[in-house]
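Trainee: Okay, so here is structure-v5.cif, and as you'll see once you scroll down, it has mmCIF, C-alpha atoms (C1' of nucleotides).
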data_coords
loop_
_atom_site.label_atom_id
_atom_site.label_comp_id
_atom_site.auth_asym_id
_atom_site.auth_seq_id
_atom_site.Cartn_x
_atom_site.Cartn_y
_atom_site.Cartn_z
CA MET J 1 -11.18 10.01 -8.99
CA LEU J 2 -9.31 7.25 -10.79
CA ASP J 3 -10.30 3.79 -9.60
CA SER J 4 -7.35 1.67 -8.55
CA ALA J 5 -9.40 -1.50 -9.17
CA VAL J 6 -9.57 -0.71 -12.87
CA LEU J 7 -5.84 -0.03 -13.00
CA ALA J 8 -5.25 -3.31 -11.19
CA ALA J 9 -7.05 -5.07 -14.03
CA LEU J 10 -4.49 -3.55 -16.38
CA ALA J 11 -1.52 -4.44 -14.18
CA SER J 12 -0.84 -7.72 -15.94
CA GLN J 13 1.15 -8.34 -19.07
CA LYS J 14 -1.20 -11.15 -20.07
CA ARG J 15 -4.31 -9.00 -19.76
CA LEU J 16 -2.67 -6.12 -21.62
CA GLN J 17 -1.76 -8.58 -24.35
CA VAL J 18 -5.35 -9.79 -24.63
CA LEU J 19 -6.62 -6.23 -24.92
CA GLN J 20 -4.14 -5.66 -27.75
CA TRP J 21 -5.23 -8.78 -29.60
CA LEU J 22 -8.90 -7.83 -29.20
CA LYS J 23 -8.22 -4.56 -31.00
CA ASP J 24 -8.06 -6.61 -34.22
CA PRO J 25 -9.54 -10.06 -33.56
CA VAL J 26 -9.56 -11.08 -37.23
CA ALA J 27 -5.81 -10.61 -37.43
CA HIS J 28 -5.13 -12.64 -34.32
CA PHE J 29 -7.74 -15.40 -34.08
CA PRO J 30 -9.13 -18.08 -36.37
CA PRO J 31 -12.67 -17.81 -37.74
CA GLN J 32 -15.50 -18.95 -35.47
CA ARG J 33 -18.56 -20.91 -36.37
CA ASP J 34 -21.20 -19.43 -34.11
CA GLY J 35 -20.09 -15.91 -33.37
CA ASP J 36 -18.61 -13.07 -35.35
CA LEU J 37 -15.10 -12.20 -34.18
CA ILE J 38 -15.79 -8.49 -34.42
CA GLU J 39 -19.48 -8.24 -33.59
CA ASP J 40 -19.61 -10.82 -30.81
CA GLY J 41 -16.04 -11.18 -29.63
CA VAL J 42 -13.49 -13.98 -29.29
CA CYS J 43 -14.14 -17.28 -27.56
CA VAL J 44 -12.24 -18.18 -24.40
CA VAL J 45 -10.38 -21.25 -25.66
CA PHE J 46 -8.76 -19.34 -28.51
CA ILE J 47 -7.53 -16.74 -26.07
CA ALA J 48 -6.30 -19.37 -23.65
CA ARG J 49 -4.39 -21.16 -26.40
CA LYS J 50 -2.77 -17.99 -27.69
CA LEU J 51 -1.90 -16.86 -24.17
CA GLY J 52 -0.30 -20.22 -23.43
CA VAL J 53 -2.30 -20.83 -20.27
CA ALA J 54 -4.94 -23.33 -19.21
CA GLN J 55 -8.53 -22.47 -19.97
CA PRO J 56 -9.52 -21.69 -16.35
CA THR J 57 -6.62 -19.26 -16.10
CA ALA J 58 -7.81 -17.45 -19.21
CA THR J 59 -11.32 -17.32 -17.78
CA THR J 60 -9.93 -15.71 -14.63
CA HIS J 61 -8.11 -13.05 -16.63
CA LEU J 62 -11.11 -12.31 -18.79
CA GLN J 63 -13.40 -12.09 -15.80
CA ALA J 64 -10.98 -9.66 -14.21
CA LEU J 65 -11.16 -7.45 -17.28
CA ALA J 66 -14.95 -7.79 -17.35
CA ARG J 67 -15.27 -6.91 -13.66
CA ALA J 68 -13.28 -3.77 -14.39
CA GLY J 69 -15.69 -3.00 -17.20
CA LEU J 70 -12.99 -3.04 -19.88
CA VAL J 71 -14.43 -5.95 -21.85
CA THR J 72 -17.91 -7.42 -22.18
CA ALA J 73 -18.90 -11.07 -22.24
CA LYS J 74 -21.59 -12.48 -24.48
CA ARG J 75 -22.84 -16.01 -24.16
CA ILE J 76 -23.97 -17.69 -27.40
CA GLY J 77 -24.75 -21.37 -27.21
CA GLN J 78 -21.92 -23.08 -25.42
CA TRP J 79 -19.50 -20.28 -26.18
CA THR J 80 -18.63 -17.15 -24.30
CA PHE J 81 -17.24 -14.36 -26.44
CA TYR J 82 -15.27 -11.48 -25.07
CA LYS J 83 -14.76 -8.14 -26.77
CA ARG J 84 -13.34 -4.77 -25.81
CA ASP J 85 -15.67 -2.17 -24.36
CA GLU J 86 -14.34 0.71 -26.43
CA ALA J 87 -16.50 3.29 -24.68
CA ALA J 88 -15.21 2.27 -21.26
CA LEU J 89 -11.63 2.21 -22.53
CA ALA J 90 -11.98 5.67 -24.07
CA ASP J 91 -13.48 6.94 -20.85
CA LEU J 92 -10.63 5.46 -18.86
CA LYS J 93 -8.01 6.99 -21.15
CA HIS J 94 -9.71 10.34 -20.81
CA LYS J 95 -9.75 10.10 -17.02
CA ILE J 96 -6.09 9.12 -16.93
CA GLU J 97 -5.17 11.97 -19.24
CA GLU J 98 -7.02 14.40 -16.99
CA GLU J 99 -6.38 13.16 -13.51
CA LEU J 100 -3.04 11.43 -13.42
CA MET M 1 4.39 -1.97 -25.27
CA LEU M 2 2.80 -0.80 -22.05
CA ASP M 3 4.62 -2.03 -18.97
CA SER M 4 2.37 -3.82 -16.50
CA ALA M 5 4.84 -3.07 -13.70
CA VAL M 6 4.21 0.66 -14.06
CA LEU M 7 0.46 0.12 -14.07
CA ALA M 8 0.85 -2.04 -10.97
CA ALA M 9 2.42 0.94 -9.22
CA LEU M 10 -0.76 2.87 -9.99
CA ALA M 11 -3.06 0.08 -8.87
CA SER M 12 -3.39 1.39 -5.34
CA GLN M 13 -5.75 4.04 -4.04
CA LYS M 14 -3.13 5.23 -1.57
CA ARG M 15 -0.47 5.70 -4.25
CA LEU M 16 -2.93 7.45 -6.57
CA GLN M 17 -3.82 9.73 -3.70
CA VAL M 18 -0.17 10.59 -3.09
CA LEU M 19 0.33 11.42 -6.76
CA GLN M 20 -2.67 13.76 -6.58
CA TRP M 21 -1.34 15.54 -3.49
CA LEU M 22 2.07 15.90 -5.10
CA LYS M 23 0.50 17.82 -7.97
CA ASP M 24 0.18 20.76 -5.58
CA PRO M 25 2.36 20.12 -2.54
CA VAL M 26 1.94 23.62 -1.13
CA ALA M 27 -1.81 23.14 -0.91
CA HIS M 28 -1.55 19.81 0.84
CA PHE M 29 1.54 19.84 3.06
CA PRO M 30 2.98 22.15 5.71
CA PRO M 31 6.12 24.17 5.00
CA GLN M 32 9.46 22.40 5.36
CA ARG M 33 12.63 23.71 6.87
CA ASP M 34 15.28 22.10 4.72
CA GLY M 35 13.70 21.45 1.37
CA ASP M 36 11.38 23.35 -0.91
CA LEU M 37 8.02 21.61 -1.31
CA ILE M 38 7.96 22.30 -5.02
CA GLU M 39 11.62 22.19 -5.99
CA ASP M 40 12.72 19.29 -3.81
CA GLY M 41 9.53 17.43 -2.98
CA VAL M 42 7.67 16.37 0.14
CA CYS M 43 9.19 14.53 3.05
CA VAL M 44 8.07 11.02 3.91
CA VAL M 45 6.62 11.63 7.36
CA PHE M 46 4.22 14.27 6.10
CA ILE M 47 2.97 11.87 3.48
CA ALA M 48 2.71 9.03 6.01
CA ARG M 49 0.73 11.23 8.39
CA LYS M 50 -1.68 12.44 5.71
CA LEU M 51 -2.12 8.91 4.35
CA GLY M 52 -2.90 7.61 7.82
CA VAL M 53 -0.29 4.86 7.71
CA ALA M 54 2.90 4.13 9.60
CA GLN M 55 6.11 5.60 8.23
CA PRO M 56 7.53 2.32 6.90
CA THR M 57 4.31 1.74 4.98
CA ALA M 58 4.58 5.15 3.37
CA THR M 59 8.20 4.44 2.50
CA THR M 60 7.13 1.22 0.78
CA HIS M 61 4.50 3.04 -1.29
CA LEU M 62 6.87 5.80 -2.28
CA GLN M 63 9.59 3.32 -3.21
CA ALA M 64 7.06 1.49 -5.37
CA LEU M 65 6.26 4.71 -7.21
CA ALA M 66 9.98 5.48 -7.52
CA ARG M 67 10.77 2.00 -8.87
CA ALA M 68 8.14 2.58 -11.52
CA GLY M 69 9.82 5.88 -12.36
CA LEU M 70 6.74 7.97 -11.55
CA VAL M 71 8.35 9.93 -8.72
CA THR M 72 11.92 10.80 -7.85
CA ALA M 73 13.57 10.75 -4.45
CA LYS M 74 16.02 13.36 -3.26
CA ARG M 75 17.94 12.99 -0.07
CA ILE M 76 18.79 16.21 1.74
CA GLY M 77 20.30 15.84 5.18
CA GLN M 78 18.19 13.41 7.13
CA TRP M 79 15.19 13.92 4.91
CA THR M 80 14.08 12.20 1.77
CA PHE M 81 11.86 14.27 -0.46
CA TYR M 82 9.64 12.78 -3.10
CA LYS M 83 8.22 14.62 -6.07
CA ARG M 84 6.38 13.70 -9.26
CA ASP M 85 8.40 12.94 -12.36
CA GLU M 86 6.22 14.93 -14.72
CA ALA M 87 8.10 13.86 -17.82
CA ALA M 88 7.65 10.18 -17.00
CA LEU M 89 3.99 10.72 -16.17
CA ALA M 90 3.39 12.56 -19.43
CA ASP M 91 5.16 9.82 -21.32
CA LEU M 92 3.03 7.20 -19.61
CA LYS M 93 -0.18 9.07 -20.38
CA HIS M 94 0.88 9.33 -23.99
CA LYS M 95 1.60 5.62 -24.21
CA ILE M 96 -1.74 4.74 -22.61
CA GLU M 97 -3.55 7.06 -24.99
CA GLU M 98 -1.85 5.42 -27.94
CA GLU M 99 -1.63 1.78 -27.01
CA LEU M 100 -4.52 0.93 -24.74
"C1'" DG I 1 -31.25 -39.15 -23.80
"C1'" DT I 2 -26.15 -39.80 -24.32
"C1'" DT I 3 -22.04 -37.99 -25.68
"C1'" DG I 4 -18.81 -34.48 -26.31
"C1'" DA I 5 -17.30 -29.72 -26.34
"C1'" DA I 6 -17.02 -25.05 -24.08
"C1'" DC I 7 -16.89 -22.67 -20.20
"C1'" DA I 8 -17.19 -21.93 -15.11
"C1'" DT I 9 -16.27 -23.18 -10.42
"C1'" DA I 10 -13.70 -25.40 -6.68
"C1'" DG I 11 -9.62 -26.62 -4.35
"C1'" DA I 12 -4.74 -26.48 -3.86
"C1'" DT I 13 -0.13 -24.28 -3.99
"C1'" DA I 14 3.14 -20.73 -4.65
"C1'" DA I 15 4.21 -16.11 -4.94
"C1'" DG I 16 3.38 -11.39 -4.23
"C1'" DT I 17 1.49 -7.19 -1.42
"C1'" DA I 18 -0.03 -4.20 2.57
"C1'" DG I 19 0.34 -3.38 6.90
"C1'" DC I 20 2.60 -2.98 11.55
"C1'" DA I 21 6.21 -2.96 15.38
"C1'" DA I 22 10.87 -3.17 16.15
"C1'" DT I 23 15.39 -2.15 14.89
"C1'" DA I 24 19.11 -0.16 12.26
"C1'" DT I 25 21.24 3.72 9.97
"C1'" DA I 26 22.24 8.34 8.95
"C1'" DG I 27 22.63 12.92 9.98
"C1'" DC I 28 21.51 17.20 12.97
"C1'" DT I 29 22.33 19.68 17.10
"C1'" DT I 30 24.05 20.69 21.23
"C1'" DA T 1 30.07 12.12 21.65
"C1'" DA T 2 25.35 11.92 23.00
"C1'" DG T 3 20.99 12.34 22.00
"C1'" DC T 4 17.31 13.27 18.89
"C1'" DT T 5 14.96 12.93 14.41
"C1'" DA T 6 14.06 11.11 9.75
"C1'" DT T 7 14.22 7.35 6.94
"C1'" DA T 8 15.22 2.55 5.65
"C1'" DT T 9 15.30 -2.30 6.64
"C1'" DT T 10 13.71 -6.50 8.88
"C1'" DG T 11 10.54 -9.79 10.36
"C1'" DC T 12 6.08 -10.94 10.93
"C1'" DT T 13 0.89 -11.71 9.73
"C1'" DA T 14 -2.93 -11.42 6.77
"C1'" DC T 15 -4.67 -11.09 2.38
"C1'" DT T 16 -4.70 -11.32 -2.53
"C1'" DT T 17 -3.24 -13.20 -7.17
"C1'" DA T 18 -1.72 -16.58 -10.75
"C1'" DT T 19 -1.61 -20.91 -11.91
"C1'" DC T 20 -2.87 -25.70 -12.28
"C1'" DT T 21 -5.91 -30.11 -12.00
"C1'" DA T 22 -10.23 -31.86 -11.28
"C1'" DT T 23 -15.02 -31.38 -11.41
"C1'" DG T 24 -19.43 -29.31 -12.54
"C1'" DT T 25 -22.64 -27.18 -15.82
"C1'" DT T 26 -24.56 -25.98 -20.08
"C1'" DC T 27 -25.69 -26.80 -24.56
"C1'" DA T 28 -25.44 -28.89 -29.29
"C1'" DA T 29 -25.70 -32.80 -32.07
"C1'" DC T 30 -26.42 -37.18 -33.01
#
In structure tokens, how does this file's structure come out?
Mentor:
Amino acid sequence: MLDSAVLAALASQKRLQVLQWLKDPVAHFPPQRDGDLIEDGVCVVFIARKLGVAQPTATTHLQALARAGLVTAKRIGQWTFYKRDEAALADLKHKIEEEL
Amino acid sequence: MLDSAVLAALASQKRLQVLQWLKDPVAHFPPQRDGDLIEDGVCVVFIARKLGVAQPTATTHLQALARAGLVTAKRIGQWTFYKRDEAALADLKHKIEEEL
DNA sequence: GTTGAACATAGATAAGTAGCAATATAGCTT
DNA sequence: AAGCTATATTGCTACTTATCTATGTTCAAC
């Protein structure tokens, strides 16, 4: 059965926007010193800046996506990088296609 | 771009459940006197009863789905029948498949 | 070890959502 | 027209969400 909690994570224009940007991080975010945009993910402050919200607000959104399993967080040094969980997203799309 | 308002309509276990039941109304609801379960849809009180909520609560859920364009309402006499909008649902699934 | 940067957490406010009981409205049915 | 039934609307409470500022924590770099 489809999980409404996961759909709730998607029910936000800001979070949908982030997921779009994370499809091609290199196109949307500046280079990072200590983490690869593609391999490791994008750091929170970049996302906050591009979203036009304060950093804690961005953290909240990203944690919501992570709780839903749609992105993963990776801590490197003082940075936290977020990237899409493509397997989880594919699985979700498949479930929606089948069950909705 | 995916519309977060439509996804918000799906972000509820109760509304997801209703959409599932409406896939096969005959299997899930008793016969109706004045409207065909398949052609016209299912009346609100049946849905309220099966959901285990008061009638106004069911109305709210169904209106949310209707506002999102996922179901359509049809008034016949004193009844309002709700049924899935299969075209809209297919379109949504397609968009999710492509854009998520 | 002190400073500064990145991120998380806490606390506050405002807005939205789910639920109910009560009431209103609309339409049969007699 | 009177009464009954189905649905919608209203008014309320409780809970959740989005946002911010302020503070805490972690870690790098000097």
Trainee: Just need the residues of chain J within 7 Å of chain T, counting all atoms listed in the file, so spit them out as a ChimeraX atom specification.
Mentor: /J:57,77-78
Trainee: What does chain M look like after a least-squares fit onto chain J on every Cα paired in order, written as a short mmCIF file (atom, residue, chain, number, x, y, z; two decimals) with C-alpha atoms, in the frame of the given file?
Mentor:
data_model
loop_
_atom_site.label_atom_id
_atom_site.label_comp_id
_atom_site.auth_asym_id
_atom_site.auth_seq_id
_atom_site.Cartn_x
_atom_site.Cartn_y
_atom_site.Cartn_z
CA MET M 1 -11.16 10.01 -9.00
CA LEU M 2 -9.30 7.26 -10.79
CA ASP M 3 -10.29 3.80 -9.62
CA SER M 4 -7.35 1.66 -8.54
CA ALA M 5 -9.40 -1.48 -9.17
CA VAL M 6 -9.57 -0.71 -12.89
CA LEU M 7 -5.85 -0.03 -13.01
CA ALA M 8 -5.28 -3.31 -11.18
CA ALA M 9 -7.07 -5.08 -14.03
CA LEU M 10 -4.50 -3.57 -16.38
CA ALA M 11 -1.55 -4.46 -14.18
CA SER M 12 -0.88 -7.74 -15.92
CA GLN M 13 1.12 -8.35 -19.07
CA LYS M 14 -1.22 -11.17 -20.07
CA ARG M 15 -4.34 -9.01 -19.76
CA LEU M 16 -2.69 -6.13 -21.63
CA GLN M 17 -1.78 -8.59 -24.34
CA VAL M 18 -5.36 -9.80 -24.62
CA LEU M 19 -6.63 -6.24 -24.92
CA GLN M 20 -4.15 -5.66 -27.75
CA TRP M 21 -5.25 -8.79 -29.62
CA LEU M 22 -8.89 -7.83 -29.19
CA LYS M 23 -8.23 -4.57 -31.02
CA ASP M 24 -8.08 -6.61 -34.22
CA PRO M 25 -9.54 -10.05 -33.57
CA VAL M 26 -9.57 -11.06 -37.22
CA ALA M 27 -5.81 -10.61 -37.43
CA HIS M 28 -5.13 -12.64 -34.33
CA PHE M 29 -7.74 -15.39 -34.08
CA PRO M 30 -9.12 -18.07 -36.39
CA PRO M 31 -12.66 -17.81 -37.74
CA GLN M 32 -15.49 -18.94 -35.47
CA ARG M 33 -18.55 -20.91 -36.38
CA ASP M 34 -21.17 -19.43 -34.09
CA GLY M 35 -20.09 -15.91 -33.35
CA ASP M 36 -18.60 -13.09 -35.35
CA LEU M 37 -15.09 -12.20 -34.18
CA ILE M 38 -15.80 -8.50 -34.44
CA GLU M 39 -19.48 -8.25 -33.59
CA ASP M 40 -19.61 -10.83 -30.81
CA GLY M 41 -16.03 -11.19 -29.64
CA VAL M 42 -13.50 -13.98 -29.28
CA CYS M 43 -14.12 -17.26 -27.56
CA VAL M 44 -12.21 -18.18 -24.42
CA VAL M 45 -10.34 -21.23 -25.66
CA PHE M 46 -8.74 -19.33 -28.51
CA ILE M 47 -7.52 -16.72 -26.08
CA ALA M 48 -6.29 -19.38 -23.64
CA ARG M 49 -4.39 -21.16 -26.41
CA LYS M 50 -2.76 -17.98 -27.70
CA LEU M 51 -1.89 -16.85 -24.17
CA GLY M 52 -0.29 -20.21 -23.43
CA VAL M 53 -2.30 -20.82 -20.28
CA ALA M 54 -4.92 -23.33 -19.23
CA GLN M 55 -8.54 -22.48 -19.95
CA PRO M 56 -9.51 -21.71 -16.34
CA THR M 57 -6.62 -19.27 -16.11
CA ALA M 58 -7.81 -17.47 -19.22
CA THR M 59 -11.32 -17.36 -17.79
CA THR M 60 -9.96 -15.74 -14.63
CA HIS M 61 -8.12 -13.06 -16.63
CA LEU M 62 -11.11 -12.32 -18.81
CA GLN M 63 -13.43 -12.13 -15.80
CA ALA M 64 -11.00 -9.68 -14.20
CA LEU M 65 -11.16 -7.47 -17.28
CA ALA M 66 -14.95 -7.81 -17.35
CA ARG M 67 -15.28 -6.92 -13.66
CA ALA M 68 -13.30 -3.78 -14.38
CA GLY M 69 -15.70 -3.01 -17.22
CA LEU M 70 -12.99 -3.05 -19.89
CA VAL M 71 -14.44 -5.96 -21.85
CA THR M 72 -17.90 -7.42 -22.18
CA ALA M 73 -18.91 -11.06 -22.24
CA LYS M 74 -21.57 -12.48 -24.50
CA ARG M 75 -22.81 -15.99 -24.17
CA ILE M 76 -23.94 -17.66 -27.38
CA GLY M 77 -24.74 -21.34 -27.15
CA GLN M 78 -21.90 -23.05 -25.37
CA TRP M 79 -19.48 -20.27 -26.13
CA THR M 80 -18.61 -17.13 -24.28
CA PHE M 81 -17.25 -14.36 -26.43
CA TYR M 82 -15.27 -11.47 -25.06
CA LYS M 83 -14.76 -8.15 -26.76
CA ARG M 84 -13.35 -4.75 -25.82
CA ASP M 85 -15.68 -2.16 -24.37
CA GLU M 86 -14.36 0.72 -26.42
CA ALA M 87 -16.50 3.31 -24.69
CA ALA M 88 -15.22 2.29 -21.26
CA LEU M 89 -11.65 2.22 -22.52
CA ALA M 90 -11.98 5.67 -24.05
CA ASP M 91 -13.49 6.96 -20.85
CA LEU M 92 -10.63 5.48 -18.85
CA LYS M 93 -8.02 6.99 -21.15
CA HIS M 94 -9.71 10.35 -20.81
CA LYS M 95 -9.73 10.12 -17.03
CA ILE M 96 -6.06 9.12 -16.93
CA GLU M 97 -5.17 11.98 -19.24
CA GLU M 98 -7.00 14.41 -17.00
CA GLU M 99 -6.36 13.16 -13.51
CA LEU M 100 -3.01 11.42 -13.44
#
Trainee: For the structure shown, which residues end up in the PyMOL selection byres ((chain J) within 8 of (chain M))? Put them as an mmCIF file with C-alpha atoms, in the frame of the given file, please?
Mentor:
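What follows is the written file selection.cif:
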data_model
loop_
_atom_site.group_PDB
_atom_site.id
_atom_site.type_symbol
_atom_site.label_atom_id
_atom_site.label_comp_id
_atom_site.auth_asym_id
_atom_site.auth_seq_id
_atom_site.Cartn_x
_atom_site.Cartn_y
_atom_site.Cartn_z
ATOM 1 C CA LEU J 2 -9.310 7.250 -10.790
ATOM 2 C CA ASP J 3 -10.300 3.790 -9.600
ATOM 3 C CA SER J 4 -7.350 1.670 -8.550
ATOM 4 C CA ALA J 5 -9.400 -1.500 -9.170
ATOM 5 C CA VAL J 6 -9.570 -0.710 -12.870
ATOM 6 C CA LEU J 7 -5.840 -0.030 -13.000
ATOM 7 C CA ALA J 8 -5.250 -3.310 -11.190
ATOM 8 C CA LEU J 10 -4.490 -3.550 -16.380
ATOM 9 C CA ALA J 11 -1.520 -4.440 -14.180
ATOM 10 C CA SER J 12 -0.840 -7.720 -15.940
ATOM 11 C CA GLN J 13 1.150 -8.340 -19.070
ATOM 12 C CA LEU J 16 -2.670 -6.120 -21.620
ATOM 13 C CA LEU J 19 -6.620 -6.230 -24.920
ATOM 14 C CA GLN J 20 -4.140 -5.660 -27.750
ATOM 15 C CA LEU J 89 -11.630 2.210 -22.530
ATOM 16 C CA LYS J 93 -8.010 6.990 -21.150
ATOM 17 C CA ILE J 96 -6.090 9.120 -16.930
ATOM 18 C CA GLU J 97 -5.170 11.970 -19.240
ATOM 19 C CA GLU J 99 -6.380 13.160 -13.510
ATOM 20 C CA LEU J 100 -3.040 11.430 -13.420
#
Trainee: Using all atoms listed in the file and a cut-off of 10 Å, which residues of chain M sit close to chain I? Please list them as a ChimeraX atom specification.
Mentor: /M:53-57,60-61,76-79
Trainee: Grab the atom CA of M:Ile38 to atom CA of M:Lys95 distance for me, in Å with one decimal place.
Mentor: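 Calculated distance between atom CA of M:Ile38 and atom CA of M:Lys95 is 26.2 Å.
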Trainee: Can you tell me how far atom CA of M:Leu22 sits from atom CA of M:Leu62, in Å to one decimal?
Mentor: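 Spanning atom CA of M:Leu22 to atom CA of M:Leu62 is a straight-line distance of 11.5 Å.
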